[in-house]
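A.B. asks: Enclosed is the structure file work_11.txt (compact mmCIF, C-alpha atoms).
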# COMPACT_ATOMS: atom_id res chain seq x y z
CA MET S 292 -124.52 61.63 -75.80
CA ILE S 293 -125.42 64.74 -77.79
CA THR S 294 -127.96 63.89 -80.47
CA PRO S 295 -128.06 65.45 -83.95
CA SER S 296 -131.46 66.95 -83.16
CA TYR S 297 -129.94 68.79 -80.18
CA GLU S 298 -127.10 70.21 -82.26
CA GLN S 299 -129.68 71.32 -84.83
CA LEU S 300 -131.06 73.78 -82.28
CA PHE S 301 -127.88 75.85 -82.50
CA GLU S 302 -127.91 75.77 -86.28
CA ASN S 303 -131.52 76.90 -86.20
CA ASN S 304 -130.50 79.70 -83.86
CA ARG S 305 -127.82 80.94 -86.25
CA ARG S 306 -130.27 80.95 -89.12
CA TRP S 307 -132.83 82.79 -87.02
CA VAL S 308 -130.29 85.46 -86.08
CA GLU S 309 -129.38 85.93 -89.73
CA SER S 310 -133.05 86.24 -90.64
CA GLU S 311 -133.74 88.80 -87.92
CA LEU S 312 -130.71 90.88 -88.85
CA SER S 313 -131.71 90.85 -92.51
CA LEU S 314 -134.99 92.51 -91.50
CA ASP S 315 -133.49 94.87 -88.94
CA PRO S 316 -129.70 95.17 -88.48
CA ASP S 317 -130.19 96.83 -85.06
CA HIS S 318 -132.79 94.37 -83.77
CA PHE S 319 -130.73 92.67 -81.07
CA GLU S 320 -128.96 95.85 -79.95
CA ARG S 321 -132.37 97.44 -79.47
CA LEU S 322 -133.59 94.47 -77.43
CA ALA S 323 -130.47 94.55 -75.28
CA ALA S 324 -131.11 98.21 -74.43
CA GLY S 325 -134.39 97.42 -72.61
CA GLN S 326 -138.00 96.35 -72.98
CA SER S 327 -141.32 98.16 -73.02
CA PRO S 328 -143.99 95.57 -73.87
CA GLU S 329 -147.62 96.64 -74.05
CA TYR S 330 -149.01 93.23 -73.11
CA LEU S 331 -148.67 90.63 -70.38
CA PHE S 332 -149.71 87.22 -71.71
CA ILE S 333 -150.58 84.48 -69.20
CA GLY S 334 -150.93 81.25 -71.12
CA CYS S 335 -150.59 77.49 -70.95
CA SER S 336 -147.21 75.75 -71.09
CA ASP S 337 -148.46 73.56 -73.95
CA SER S 338 -145.78 73.41 -76.65
CA ARG S 339 -148.34 74.04 -79.37
CA VAL S 340 -149.24 77.49 -78.04
CA ASN S 341 -146.82 80.19 -79.21
CA ALA S 342 -147.84 83.54 -77.72
CA ASN S 343 -145.80 85.82 -79.98
CA GLU S 344 -146.40 83.89 -83.15
CA MET S 345 -150.19 83.65 -82.88
CA VAL S 346 -150.61 87.43 -82.67
CA GLY S 347 -147.76 88.45 -84.95
CA MET S 348 -145.59 89.97 -82.22
CA ARG S 349 -141.81 90.12 -82.31
CA SER S 350 -139.42 89.73 -79.39
CA GLY S 351 -139.77 92.53 -76.86
CA GLN S 352 -143.42 93.30 -77.57
CA MET S 353 -145.08 90.87 -75.15
CA PHE S 354 -144.20 89.88 -71.59
CA ILE S 355 -145.06 86.20 -71.10
CA HIS S 356 -145.85 83.89 -68.21
CA ARG S 357 -146.85 80.28 -68.80
CA ASN S 358 -147.97 77.43 -66.57
CA ILE S 359 -150.09 74.31 -66.79
CA ALA S 360 -153.65 75.32 -67.78
CA ASN S 361 -152.98 79.09 -67.58
CA LEU S 362 -153.91 79.41 -63.91
CA VAL S 363 -153.81 82.51 -61.72
CA VAL S 364 -153.05 81.22 -58.22
CA HIS S 365 -152.61 83.91 -55.58
CA THR S 366 -150.09 81.83 -53.64
CA ASP S 367 -147.92 81.36 -56.73
CA MET S 368 -145.16 83.91 -56.09
CA ASN S 369 -143.75 83.34 -59.56
CA LEU S 370 -146.96 84.46 -61.25
CA MET S 371 -147.60 87.25 -58.74
CA SER S 372 -144.07 88.59 -59.20
CA VAL S 373 -144.49 88.55 -62.97
CA LEU S 374 -147.82 90.35 -62.64
CA GLN S 375 -146.47 93.04 -60.35
CA PHE S 376 -143.36 93.62 -62.47
CA ALA S 377 -145.38 93.79 -65.68
CA VAL S 378 -148.07 96.10 -64.31
CA GLU S 379 -146.08 98.35 -62.00
CA VAL S 380 -142.63 98.46 -63.55
CA LEU S 381 -143.09 97.74 -67.26
CA GLU S 382 -146.50 99.46 -67.15
CA VAL S 383 -148.16 97.13 -69.65
CA GLN S 384 -151.52 98.31 -70.93
CA HIS S 385 -153.21 94.91 -71.18
CA VAL S 386 -153.12 91.63 -69.25
CA ILE S 387 -154.38 88.60 -71.18
CA VAL S 388 -155.28 85.15 -69.87
CA CYS S 389 -155.30 82.73 -72.80
CA GLY S 390 -156.57 79.19 -72.54
CA HIS S 391 -156.82 76.71 -75.39
CA TYR S 392 -159.27 74.06 -76.47
CA GLY S 393 -157.80 70.59 -76.14
CA CYS S 394 -155.89 71.59 -72.99
CA GLY S 395 -154.54 68.46 -71.30
CA GLY S 396 -154.46 70.14 -67.91
CA VAL S 397 -158.13 71.06 -68.05
CA ALA S 398 -159.02 67.53 -69.17
CA ALA S 399 -156.87 65.91 -66.47
CA ALA S 400 -158.50 67.98 -63.74
CA VAL S 401 -161.87 66.32 -64.29
CA ASP S 402 -161.12 62.86 -65.69
CA GLY S 403 -161.24 61.16 -62.29
CA SER S 404 -157.74 59.70 -62.62
CA TYR S 405 -154.64 60.04 -60.42
CA HIS S 406 -151.85 62.08 -62.04
CA GLY S 407 -149.46 62.66 -59.16
CA LEU S 408 -148.20 66.07 -58.04
CA ILE S 409 -149.99 67.95 -60.81
CA ASP S 410 -153.33 67.05 -59.21
CA LYS S 411 -152.51 69.60 -56.49
CA TRP S 412 -152.02 72.30 -59.12
CA LEU S 413 -155.18 71.34 -60.98
CA ARG S 414 -157.27 71.72 -57.81
CA THR S 415 -158.10 75.21 -59.05
CA ILE S 416 -159.83 73.80 -62.15
CA LYS S 417 -161.78 71.32 -60.04
CA ASP S 418 -163.10 74.34 -58.16
CA VAL S 419 -164.12 75.94 -61.46
CA TYR S 420 -166.06 72.80 -62.34
CA ARG S 421 -167.76 72.88 -58.95
CA ILE S 422 -168.81 76.52 -59.42
CA TYR S 423 -170.30 75.85 -62.86
CA HIS S 424 -171.36 72.26 -62.21
CA ASP S 425 -174.98 72.60 -63.34
CA GLU S 426 -174.10 74.39 -66.58
CA LEU S 427 -171.39 71.89 -67.48
CA GLU S 428 -173.37 68.78 -66.59
CA ALA S 429 -176.17 70.01 -68.86
CA ILE S 430 -173.83 69.63 -71.87
CA ASP S 431 -174.10 66.08 -73.18
CA ASP S 432 -171.28 66.21 -75.73
CA PRO S 433 -167.95 65.60 -73.90
CA GLU S 434 -166.00 67.72 -76.39
CA LEU S 435 -168.35 70.67 -76.07
CA ARG S 436 -168.31 70.28 -72.29
CA HIS S 437 -164.50 70.39 -72.35
CA GLN S 438 -164.50 73.49 -74.54
CA ARG S 439 -166.90 75.23 -72.20
CA LEU S 440 -164.77 74.32 -69.18
CA VAL S 441 -161.74 75.80 -70.93
CA GLU S 442 -163.67 79.06 -71.37
CA LEU S 443 -165.01 79.08 -67.82
CA ASN S 444 -161.54 78.40 -66.47
CA VAL S 445 -160.26 81.47 -68.33
CA ARG S 446 -163.14 83.50 -66.93
CA GLU S 447 -162.30 82.52 -63.36
CA GLN S 448 -158.62 83.32 -63.85
CA VAL S 449 -159.57 86.77 -65.14
CA TYR S 450 -161.65 87.30 -62.00
CA ARG S 451 -158.70 86.16 -59.91
CA LEU S 452 -156.49 88.75 -61.60
CA CYS S 453 -159.10 91.42 -60.92
CA SER S 454 -159.14 90.51 -57.23
CA THR S 455 -155.49 91.48 -56.83
CA SER S 456 -154.53 94.89 -55.53
CA ILE S 457 -151.92 95.01 -58.31
CA VAL S 458 -154.63 95.25 -60.94
CA GLN S 459 -157.03 97.25 -58.80
CA ARG S 460 -154.50 99.96 -57.93
CA ARG S 461 -153.49 100.36 -61.56
CA TRP S 462 -156.86 100.42 -63.30
CA GLY S 463 -159.60 100.55 -60.66
CA SER S 464 -163.12 100.32 -62.05
CA ALA S 465 -161.70 100.48 -65.60
CA MET S 466 -159.93 97.14 -65.22
CA GLY S 467 -162.33 95.52 -67.68
CA ASP S 468 -160.71 97.55 -70.45
CA HIS S 469 -157.29 96.16 -69.60
CA VAL S 470 -157.75 92.57 -68.38
CA HIS S 471 -158.90 90.10 -71.04
CA GLY S 472 -159.73 86.42 -71.47
CA TRP S 473 -159.04 84.53 -74.71
CA ALA S 474 -159.43 80.98 -75.98
CA TYR S 475 -157.16 79.57 -78.69
CA ASP S 476 -158.29 76.81 -81.03
CA LEU S 477 -155.42 74.51 -81.98
CA ARG S 478 -157.43 73.07 -84.86
CA HIS S 479 -157.44 76.23 -86.96
CA GLY S 480 -155.15 78.63 -85.10
CA LEU S 481 -157.75 81.31 -84.41
CA LEU S 482 -158.21 83.23 -81.18
CA LYS S 483 -161.56 83.96 -79.55
CA ASP S 484 -162.06 86.97 -77.31
CA LEU S 485 -164.34 85.71 -74.53
CA GLU S 486 -165.35 89.32 -73.80
CA ILE S 487 -165.13 88.92 -70.04
CA ASP S 488 -165.96 92.11 -68.17
CA PRO S 489 -165.58 91.91 -64.36
CA ALA S 490 -168.08 94.77 -64.05
CA ASP S 491 -170.78 92.41 -65.30
CA GLU S 492 -170.43 90.23 -62.20
CA PRO S 493 -168.74 92.28 -59.47
CA ALA S 494 -169.62 89.69 -56.84
CA ARG S 495 -167.37 87.14 -58.59
CA TYR S 496 -164.24 88.77 -57.24
CA ILE S 497 -163.30 90.43 -53.96
CA TYR S 498 -161.34 93.65 -53.66
CA GLU S 499 -158.08 93.08 -51.81
CA LEU S 500 -156.51 96.51 -51.71
CA ASP S 501 -154.38 95.55 -48.71
CA GLY S 502 -153.37 92.17 -50.12
CA LEU S 503 -151.72 90.97 -53.31
Would you mind writing the structure in this file as structure tokens?

C.D. replies:
Amino acid sequence: MITPSYEQLFENNRRWVESELSLDPDHFERLAAGQSPEYLFIGCSDSRVNANEMVGMRSGQMFIHRNIANLVVHTDMNLMSVLQFAVEVLEVQHVIVCGHYGCGGVAAAVDGSYHGLIDKWLRTIKDVYRIYHDELEAIDDPELRHQRLVELNVREQVYRLCSTSIVQRRWGSAMGDHVHGWAYDLRHGLLKDLEIDPADEPARYIYELDGL
């Protein structure tokens, strides 16, 4: 049975189209002609995180990939295909990994509970906790420890991006100017640039010029 809330989606769509056309009568025709985004945004699938909205971007200005806890997994052909297409074909100028405080995936990775299939995916975050175990365990406040893990997870995903030949071939030693890590705070809507520069810790990633 179709619910009224489902039907409302189409009414919302019609209103959105009218609003967009009132601002720019050629908006959709221009989008249909092609895309040339400047940014690739890799974020969390959380419904509260809207990539375009939070940075004031309209359709066509940002290429977006989302998954649970904004992970960069080298065996994930979906993510790797998105990365290669964005960097080599669309020629984006910036790749952004954006995590968010209050991330359920990050919390689930370290809560000691069984969650089913997603535990396999969250293995990557468990590894992040292992790498930074001493720093994280030194934080007594659980909320602050979670926030720091969110930031460290973003850092590790940035390093993972920088270990791909896709990024290395495009930007080389200047990759730090093009690959960024952010944290988004759901409580007030503000973004934080974590200012991650792979050149600061070159040993944290491995060059893979013959790999992905």

A.B. asks: I'd like to know which of S:Cys453, S:Ala323, S:Val308, S:Cys394 is closest to Ile359 of chain S, using all atoms listed in the file.

C.D. replies: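 Result for the nearest residue to Ile359 of chain S: S:Cys394.
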
A.B. asks: Ranking S:Ser456, S:Asn358, S:Gln438, S:Gln384 by minimum distance to Ile409 of chain S and counting all atoms listed in the file, which one comes first?

C.D. replies: S:Asn358

A.B. asks: Figure out the distance between atom CA of Ala398 of chain S and atom CA of Glu442 of chain S, please, to one decimal in Å.

C.D. replies: 12.6 Å

A.B. asks: What's the 12 Å shell around Val458 of chain S, counting all atoms listed in the file, without same-chain residues fewer than 4 positions away, as an NGL selection string?

C.D. replies: :S and (371 or 374-379 or 382-386 or 449-454 or 462-470 or 489 or 498-500 or 502-503)

A.B. asks: Please, what is the axis-aligned box for every listed atom of segment 305-313 of chain S with 4 Å on each side, as centre and edge lengths in Å to one decimal, as lines of an AutoDock Vina configuration file?

C.D. replies:
center_x = -130.8
center_y = 85.9
center_z = -89.3
size_x = 13.9
size_y = 17.9
size_z = 14.4

A.B. asks: Identify, on the basis of only C-alpha atoms, every residue whose closest approach to Phe354 of chain S does not exceed 8 Å; exclude the query and any residue fewer than 4 positions from it along the same chain; express the result as a PyMOL selection string.

C.D. replies: chain S and resi 328-332+377

A.B. asks: In Å, rounded to a single decimal, give me how far atom CA of Asn444 of chain S is from atom CA of Arg414 of chain S.

C.D. replies: 11.7 Å

A.B. asks: Would you list the contacts of segment 338-341 of chain S as a list in words, taking every protein, DNA or RNA residue within 9 Å and counting all atoms listed in the file, but skipping same-chain residues closer than 5 positions in sequence?

C.D. replies: Val346, His391, Tyr475 and Leu477 of chain S

A.B. asks: Restricting the calculation to only C-alpha atoms, which member of S:Ser327, S:Asn361, S:Ser350, S:Gln299 is positioned closest to Glu447 of chain S?

C.D. replies: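 Of all the options, S:Asn361 lies closest to Glu447 of chain S.
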
A.B. asks: Which one is closest to Leu413 of chain S: S:Ala399, S:Glu434, S:Ser313, S:Glu320? Count only C-alpha atoms.

C.D. replies: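 Answer, going by the shortest atom-to-atom distance: S:Ala399.
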